[in-house]
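Next up, my_file-v6.pdb (PDB, C-alpha atoms, pLDDT in the B column):
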MODEL        1
ATOM      1  CA  MET A   1     -11.151 -36.862 -22.361  1.00 49.00           C
ATOM      2  CA  THR A   2     -10.574 -33.390 -20.929  1.00 53.00           C
ATOM      3  CA  ILE A   3      -8.118 -30.950 -22.308  1.00 56.00           C
ATOM      4  CA  LEU A   4      -6.561 -28.692 -19.714  1.00 54.00           C
ATOM      5  CA  SER A   5      -5.465 -25.302 -20.864  1.00 53.00           C
ATOM      6  CA  ASN A   6      -2.146 -23.905 -19.672  1.00 59.00           C
ATOM      7  CA  LYS A   7      -3.459 -20.366 -20.064  1.00 60.00           C
ATOM      8  CA  ALA A   8      -4.032 -18.882 -16.643  1.00 55.00           C
ATOM      9  CA  PRO A   9      -5.560 -15.422 -16.290  1.00 62.00           C
ATOM     10  CA  ILE A  10      -2.833 -12.817 -16.572  1.00 86.00           C
ATOM     11  CA  ALA A  11      -2.039 -11.252 -13.203  1.00 90.00           C
ATOM     12  CA  TYR A  12       0.486  -8.527 -12.500  1.00 94.00           C
ATOM     13  CA  LEU A  13       2.106  -8.527  -9.066  1.00 95.00           C
ATOM     14  CA  GLY A  14       3.468  -5.736  -6.892  1.00 95.00           C
ATOM     15  CA  THR A  15       4.538  -5.492  -3.255  1.00 97.00           C
ATOM     16  CA  GLY A  16       4.177  -2.344  -1.187  1.00 97.00           C
ATOM     17  CA  ARG A  17       5.419  -1.528   2.301  1.00 96.00           C
ATOM     18  CA  ARG A  18       4.788   1.379   4.669  1.00 96.00           C
ATOM     19  CA  LYS A  19       5.568   1.576   8.410  1.00 94.00           C
ATOM     20  CA  THR A  20       4.901  -2.019   9.515  1.00 95.00           C
ATOM     21  CA  SER A  21       2.326  -2.785   6.799  1.00 96.00           C
ATOM     22  CA  ILE A  22       2.933  -5.098   3.866  1.00 97.00           C
ATOM     23  CA  ALA A  23       0.555  -5.319   0.888  1.00 97.00           C
ATOM     24  CA  ARG A  24       0.821  -7.956  -1.840  1.00 97.00           C
ATOM     25  CA  VAL A  25      -1.149  -6.667  -4.834  1.00 96.00           C
ATOM     26  CA  ARG A  26      -2.460  -8.605  -7.853  1.00 96.00           C
ATOM     27  CA  LEU A  27      -3.844  -6.679 -10.835  1.00 95.00           C
ATOM     28  CA  VAL A  28      -6.127  -8.730 -13.088  1.00 94.00           C
ATOM     29  CA  PRO A  29      -7.905  -7.332 -16.158  1.00 93.00           C
ATOM     30  CA  GLY A  30     -11.492  -6.723 -15.101  1.00 91.00           C
ATOM     31  CA  SER A  31     -14.066  -4.128 -14.113  1.00 92.00           C
ATOM     32  CA  GLY A  32     -12.238  -2.078 -11.468  1.00 91.00           C
ATOM     33  CA  GLN A  33     -13.259  -3.722  -8.184  1.00 94.00           C
ATOM     34  CA  LEU A  34     -11.027  -3.612  -5.115  1.00 95.00           C
ATOM     35  CA  ILE A  35     -10.841  -6.705  -2.868  1.00 96.00           C
ATOM     36  CA  ILE A  36      -8.688  -6.527   0.278  1.00 96.00           C
ATOM     37  CA  ASN A  37      -8.188  -9.705   2.337  1.00 96.00           C
ATOM     38  CA  GLY A  38     -11.312 -11.229   0.775  1.00 95.00           C
ATOM     39  CA  ILE A  39     -13.519  -8.241   1.703  1.00 95.00           C
ATOM     40  CA  SER A  40     -14.639  -5.398  -0.553  1.00 95.00           C
ATOM     41  CA  GLY A  41     -12.210  -2.495  -0.409  1.00 95.00           C
ATOM     42  CA  GLU A  42     -14.817   0.013   0.760  1.00 95.00           C
ATOM     43  CA  SER A  43     -15.814  -1.986   3.828  1.00 96.00           C
ATOM     44  CA  TYR A  44     -12.213  -2.981   4.667  1.00 96.00           C
ATOM     45  CA  LEU A  45     -11.085   0.660   4.584  1.00 95.00           C
ATOM     46  CA  GLN A  46     -14.166   1.593   6.675  1.00 94.00           C
ATOM     47  CA  PHE A  47     -15.815   3.555   3.843  1.00 95.00           C
ATOM     48  CA  SER A  48     -13.197   6.295   4.275  1.00 95.00           C
ATOM     49  CA  PRO A  49     -13.036   8.322   1.055  1.00 95.00           C
ATOM     50  CA  ASN A  50      -9.490   9.411   1.927  1.00 96.00           C
ATOM     51  CA  TYR A  51      -8.150   5.835   2.254  1.00 96.00           C
ATOM     52  CA  LEU A  52      -9.964   4.759  -0.926  1.00 95.00           C
ATOM     53  CA  ARG A  53      -8.593   7.754  -2.831  1.00 95.00           C
ATOM     54  CA  ILE A  54      -5.035   7.137  -1.586  1.00 95.00           C
ATOM     55  CA  SER A  55      -5.028   3.447  -2.458  1.00 94.00           C
ATOM     56  CA  CYS A  56      -6.361   3.871  -6.034  1.00 93.00           C
ATOM     57  CA  GLU A  57      -4.437   7.035  -7.013  1.00 95.00           C
ATOM     58  CA  PRO A  58      -1.937   5.347  -9.402  1.00 95.00           C
ATOM     59  CA  LEU A  59      -4.762   3.882 -11.503  1.00 94.00           C
ATOM     60  CA  LYS A  60      -6.568   7.225 -11.666  1.00 94.00           C
ATOM     61  CA  THR A  61      -3.349   8.987 -12.692  1.00 94.00           C
ATOM     62  CA  LEU A  62      -2.965   6.673 -15.689  1.00 93.00           C
ATOM     63  CA  GLY A  63      -6.712   6.591 -16.435  1.00 93.00           C
ATOM     64  CA  LEU A  64      -6.981   2.834 -15.843  1.00 92.00           C
ATOM     65  CA  SER A  65      -9.365   2.837 -12.860  1.00 89.00           C
ATOM     66  CA  LYS A  66     -12.023   0.660 -14.587  1.00 92.00           C
ATOM     67  CA  GLU A  67      -9.616  -1.648 -16.439  1.00 92.00           C
ATOM     68  CA  TYR A  68      -8.177  -3.827 -13.661  1.00 94.00           C
ATOM     69  CA  ASP A  69      -9.530  -5.703 -10.659  1.00 94.00           C
ATOM     70  CA  ILE A  70      -7.280  -5.292  -7.613  1.00 95.00           C
ATOM     71  CA  TYR A  71      -6.797  -8.200  -5.227  1.00 96.00           C
ATOM     72  CA  VAL A  72      -4.771  -7.363  -2.113  1.00 97.00           C
ATOM     73  CA  LYS A  73      -3.429  -9.396   0.802  1.00 97.00           C
ATOM     74  CA  THR A  74      -2.306  -7.001   3.494  1.00 97.00           C
ATOM     75  CA  GLU A  75      -1.094  -7.396   7.052  1.00 96.00           C
ATOM     76  CA  GLY A  76       0.461  -5.381   9.836  1.00 95.00           C
ATOM     77  CA  GLY A  77       0.078  -1.781  10.902  1.00 94.00           C
ATOM     78  CA  GLY A  78      -3.068   0.304  10.689  1.00 95.00           C
ATOM     79  CA  LEU A  79      -5.297   1.500   7.896  1.00 95.00           C
ATOM     80  CA  THR A  80      -3.107   4.480   6.973  1.00 95.00           C
ATOM     81  CA  GLY A  81      -0.012   2.328   6.542  1.00 96.00           C
ATOM     82  CA  GLN A  82      -1.981  -0.317   4.675  1.00 97.00           C
ATOM     83  CA  ALA A  83      -3.535   2.214   2.288  1.00 97.00           C
ATOM     84  CA  ASP A  84      -0.100   3.650   1.481  1.00 96.00           C
ATOM     85  CA  ALA A  85       1.327   0.136   1.055  1.00 97.00           C
ATOM     86  CA  ILE A  86      -1.502  -0.723  -1.357  1.00 97.00           C
ATOM     87  CA  ARG A  87      -0.753   2.434  -3.359  1.00 97.00           C
ATOM     88  CA  LEU A  88       2.933   1.487  -3.700  1.00 97.00           C
ATOM     89  CA  GLY A  89       2.034  -2.100  -4.635  1.00 97.00           C
ATOM     90  CA  ILE A  90      -0.395  -0.963  -7.335  1.00 96.00           C
ATOM     91  CA  ALA A  91       2.183   1.463  -8.745  1.00 96.00           C
ATOM     92  CA  ARG A  92       4.833  -1.275  -8.911  1.00 96.00           C
ATOM     93  CA  ALA A  93       2.400  -3.673 -10.593  1.00 95.00           C
ATOM     94  CA  LEU A  94       1.519  -0.998 -13.172  1.00 95.00           C
ATOM     95  CA  CYS A  95       5.229  -0.663 -13.966  1.00 94.00           C
ATOM     96  CA  THR A  96       5.402  -4.380 -14.770  1.00 93.00           C
ATOM     97  CA  ILE A  97       2.410  -4.034 -17.114  1.00 92.00           C
ATOM     98  CA  ASN A  98       4.025  -1.281 -19.167  1.00 91.00           C
ATOM     99  CA  PRO A  99       7.453   0.243 -18.439  1.00 92.00           C
ATOM    100  CA  ASP A 100       6.251   3.523 -19.991  1.00 94.00           C
ATOM    101  CA  ASN A 101       3.964   3.994 -16.964  1.00 93.00           C
ATOM    102  CA  ARG A 102       7.040   4.447 -14.785  1.00 94.00           C
ATOM    103  CA  THR A 103       7.725   8.076 -15.729  1.00 95.00           C
ATOM    104  CA  ALA A 104       4.183   9.270 -14.966  1.00 94.00           C
ATOM    105  CA  LEU A 105       4.057   7.376 -11.665  1.00 95.00           C
ATOM    106  CA  LYS A 106       7.518   8.567 -10.638  1.00 95.00           C
ATOM    107  CA  LEU A 107       6.594  12.205 -11.257  1.00 95.00           C
ATOM    108  CA  GLU A 108       3.617  11.839  -8.896  1.00 94.00           C
ATOM    109  CA  GLY A 109       5.838  10.164  -6.262  1.00 94.00           C
ATOM    110  CA  PHE A 110       3.955   6.852  -6.228  1.00 95.00           C
ATOM    111  CA  LEU A 111       7.100   4.734  -6.636  1.00 95.00           C
ATOM    112  CA  THR A 112       8.912   6.184  -3.613  1.00 95.00           C
ATOM    113  CA  ARG A 113       8.918   3.909  -0.572  1.00 95.00           C
ATOM    114  CA  ASP A 114       8.243   5.974   2.557  1.00 94.00           C
ATOM    115  CA  ALA A 115      10.903   4.620   4.922  1.00 94.00           C
ATOM    116  CA  ARG A 116       9.708   6.370   8.087  1.00 94.00           C
ATOM    117  CA  VAL A 117       9.022   3.919  10.907  1.00 94.00           C
ATOM    118  CA  LYS A 118       8.409   4.438  14.602  1.00 93.00           C
ATOM    119  CA  GLU A 119      11.571   4.971  16.637  1.00 95.00           C
ATOM    120  CA  ARG A 120      12.174   2.441  19.383  1.00 96.00           C
ATOM    121  CA  LYS A 121      11.833   3.279  23.075  1.00 97.00           C
ATOM    122  CA  LYS A 122      15.113   3.720  24.947  1.00 97.00           C
ATOM    123  CA  TYR A 123      15.713   2.660  28.544  1.00 97.00           C
ATOM    124  CA  GLY A 124      15.523   5.436  31.138  1.00 95.00           C
ATOM    125  CA  LEU A 125      13.086   7.365  28.947  1.00 96.00           C
ATOM    126  CA  ARG A 126       9.303   7.332  28.798  1.00 96.00           C
ATOM    127  CA  LYS A 127       9.115   7.081  25.006  1.00 96.00           C
ATOM    128  CA  ALA A 128      11.738   7.229  22.261  1.00 96.00           C
ATOM    129  CA  ARG A 129      12.914  10.694  23.314  1.00 97.00           C
ATOM    130  CA  LYS A 130      10.615  11.884  26.110  1.00 96.00           C
ATOM    131  CA  ALA A 131      12.582  12.012  29.377  1.00 95.00           C
ATOM    132  CA  PRO A 132      11.264  12.228  32.913  1.00 95.00           C
ATOM    133  CA  GLN A 133      11.141  15.711  34.404  1.00 94.00           C
ATOM    134  CA  TYR A 134      14.517  16.943  35.589  1.00 92.00           C
ATOM    135  CA  SER A 135      14.770  17.727  39.286  1.00 92.00           C
ATOM    136  CA  LYS A 136      17.759  19.783  40.476  1.00 91.00           C
ATOM    137  CA  ARG A 137      17.304  18.866  44.154  1.00 84.00           C
TER     138      ARG A 137
ENDMDL
END
Please go through the file and, once you have read it, give me the structure as structure tokens.
Amino acid sequence: MTILSNKAPIAYLGTGRRKTSIARVRLVPGSGQLIINGISGESYLQFSPNYLRISCEPLKTLGLSKEYDIYVKTEGGGLTGQADAIRLGIARALCTINPDNRTALKLEGFLTRDARVKERKKYGLRKARKAPQYSKR
């Protein structure tokens, strides 16, 4: 006879968005590893110290960088948008862990969703606002 436990490992969820990127973040108590789409975070972010720093900033601000494992599913956009989306997702997950974290994260600007997206191209123009050269005659 097997006894199944209803206790699942505690995971804290957060969703981040930036440009066209969406990151679904799960924080699990652990040793501080970063896994993005099943790959280690360093190799997914192409060993860029800037992208790694951006994505883990909320944990470093609170001094929790070695306390939680970060599992991320991300899609859309490029690496810059995905790194910023991961940062927002981690910050939101940290707010669900402890509401007192909110003030420190808000002061650093980690809870602000950057709403800037690319403007659409208009007809008669070459890009969103670039027009063909004007000819008088």
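If you count all atoms listed in the file and ignore residues fewer than 5 places along the chain from range 117-120 of chain A, what sits within 10 Å of it is Arg18, Lys19, Thr20, Lys127, Ala128 and Arg129 of chain A.
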Could you give me, as a ChimeraX atom specification, the residues within 8 Å of Glu42 in chain A, counting only C-alpha atoms and dropping anything in the same chain fewer than 6 positions from it? /A:34,48,52
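Distance-wise, CA of Ser21 in chain A and CA of Asp100 in chain A end up 27.8 Å apart.
By chain and then residue number, the residues within 12 Å of Gln133 in chain A are Gly124, Leu125 and Arg126 of chain A, counting only C-alpha atoms and disregarding those fewer than 6 positions away in sequence.
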On this file, the PyMOL selection byres ((chain A and resi 53) around 12) gives some set of residues; write that set as a PyMOL selection string.
chain A and resi 34+41-42+45+47-52+54-61+65+80+83-84+86-87
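When CA of Arg26 in chain A is paired with CA of Gly81 in chain A, their separation reads 18.2 Å.
Closest to Ala11 in chain A among A:Ile97, A:Ala23, A:Leu64, A:Leu111 is A:Ile97, based on all atoms listed in the file.
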Counting all atoms listed in the file, closest pick from A:Arg17, A:Arg137, A:Ile39, A:Lys122 relative to Glu75 in chain A is A:Arg17
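The closest residue to Leu105 in chain A, picked from A:Ala85, A:Ala93, A:Val72, A:Leu62 and counting all atoms listed in the file, is A:Leu62.
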Correct to one decimal, the distance CA of Thr96 in chain A-CA of Phe110 in chain A is 14.2 Å
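Distances here use all atoms listed in the file; by that measure, the residue among A:Lys130, A:Asn101, A:Ile70, A:Leu79 closest to Gln46 in chain A is A:Leu79.
Of the listed residues (A:Leu13, A:Gly30, A:Cys95, A:Ile22), A:Ile22 comes nearest to Gly78 in chain A; the distances count all atoms listed in the file.
Residue nearest Tyr44 in chain A within the list A:Lys73, A:Ile10, A:Tyr134, A:Gly16: A:Lys73 [criterion: smallest interatomic distance, all atoms listed in the file].
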Write range 112-128 of chain A as an mmCIF file, keeping the file's coordinate frame, completed to N, CA, C and O atoms.
data_model
loop_
_atom_site.group_PDB
_atom_site.id
_atom_site.type_symbol
_atom_site.label_atom_id
_atom_site.label_comp_id
_atom_site.auth_asym_id
_atom_site.auth_seq_id
_atom_site.Cartn_x
_atom_site.Cartn_y
_atom_site.Cartn_z
ATOM 1 N N THR A 112 7.978 5.929 -4.702
ATOM 2 C CA THR A 112 8.912 6.184 -3.613
ATOM 3 C C THR A 112 8.426 5.473 -2.362
ATOM 4 O O THR A 112 7.307 5.693 -1.911
ATOM 5 N N ARG A 113 9.262 4.629 -1.791
ATOM 6 C CA ARG A 113 8.918 3.909 -0.572
ATOM 7 C C ARG A 113 9.156 4.836 0.606
ATOM 8 O O ARG A 113 10.258 5.350 0.796
ATOM 9 N N ASP A 114 8.124 5.103 1.399
ATOM 10 C CA ASP A 114 8.243 5.974 2.557
ATOM 11 C C ASP A 114 8.878 5.165 3.689
ATOM 12 O O ASP A 114 8.248 4.276 4.253
ATOM 13 N N ALA A 115 10.130 5.456 4.004
ATOM 14 C CA ALA A 115 10.903 4.620 4.922
ATOM 15 C C ALA A 115 10.728 4.994 6.384
ATOM 16 O O ALA A 115 11.393 4.412 7.248
ATOM 17 N N ARG A 116 9.857 5.947 6.695
ATOM 18 C CA ARG A 116 9.708 6.370 8.087
ATOM 19 C C ARG A 116 8.996 5.296 8.903
ATOM 20 O O ARG A 116 7.905 4.861 8.549
ATOM 21 N N VAL A 117 9.630 4.867 9.980
ATOM 22 C CA VAL A 117 9.022 3.919 10.907
ATOM 23 C C VAL A 117 9.163 4.479 12.316
ATOM 24 O O VAL A 117 9.973 5.380 12.562
ATOM 25 N N LYS A 118 8.391 3.937 13.242
ATOM 26 C CA LYS A 118 8.409 4.438 14.602
ATOM 27 C C LYS A 118 9.757 4.126 15.263
ATOM 28 O O LYS A 118 10.270 3.013 15.164
ATOM 29 N N GLU A 119 10.299 5.127 15.957
ATOM 30 C CA GLU A 119 11.571 4.971 16.637
ATOM 31 C C GLU A 119 11.373 4.156 17.910
ATOM 32 O O GLU A 119 10.362 4.292 18.592
ATOM 33 N N ARG A 120 12.333 3.310 18.223
ATOM 34 C CA ARG A 120 12.174 2.441 19.383
ATOM 35 C C ARG A 120 12.341 3.199 20.690
ATOM 36 O O ARG A 120 13.014 4.235 20.752
ATOM 37 N N LYS A 121 11.724 2.683 21.746
ATOM 38 C CA LYS A 121 11.833 3.279 23.075
ATOM 39 C C LYS A 121 13.206 2.951 23.651
ATOM 40 O O LYS A 121 13.673 1.828 23.530
ATOM 41 N N LYS A 122 13.823 3.940 24.307
ATOM 42 C CA LYS A 122 15.113 3.720 24.947
ATOM 43 C C LYS A 122 14.921 3.592 26.458
ATOM 44 O O LYS A 122 13.996 4.169 27.018
ATOM 45 N N TYR A 123 15.814 2.841 27.092
ATOM 46 C CA TYR A 123 15.713 2.660 28.544
ATOM 47 C C TYR A 123 16.008 3.973 29.242
ATOM 48 O O TYR A 123 16.785 4.802 28.774
ATOM 49 N N GLY A 124 15.354 4.200 30.391
ATOM 50 C CA GLY A 124 15.523 5.436 31.138
ATOM 51 C C GLY A 124 14.645 6.565 30.632
ATOM 52 O O GLY A 124 14.595 7.628 31.239
ATOM 53 N N LEU A 125 13.968 6.353 29.515
ATOM 54 C CA LEU A 125 13.086 7.365 28.947
ATOM 55 C C LEU A 125 11.659 6.832 28.945
ATOM 56 O O LEU A 125 11.424 5.636 29.041
ATOM 57 N N ARG A 126 10.713 7.756 28.807
ATOM 58 C CA ARG A 126 9.303 7.332 28.798
ATOM 59 C C ARG A 126 8.866 6.856 27.421
ATOM 60 O O ARG A 126 8.047 5.959 27.317
ATOM 61 N N LYS A 127 9.379 7.505 26.385
ATOM 62 C CA LYS A 127 9.115 7.081 25.006
ATOM 63 C C LYS A 127 10.466 7.080 24.300
ATOM 64 O O LYS A 127 11.498 6.924 24.946
ATOM 65 N N ALA A 128 10.477 7.259 22.986
ATOM 66 C CA ALA A 128 11.738 7.229 22.261
ATOM 67 C C ALA A 128 12.659 8.360 22.695
ATOM 68 O O ALA A 128 13.861 8.177 22.856
#
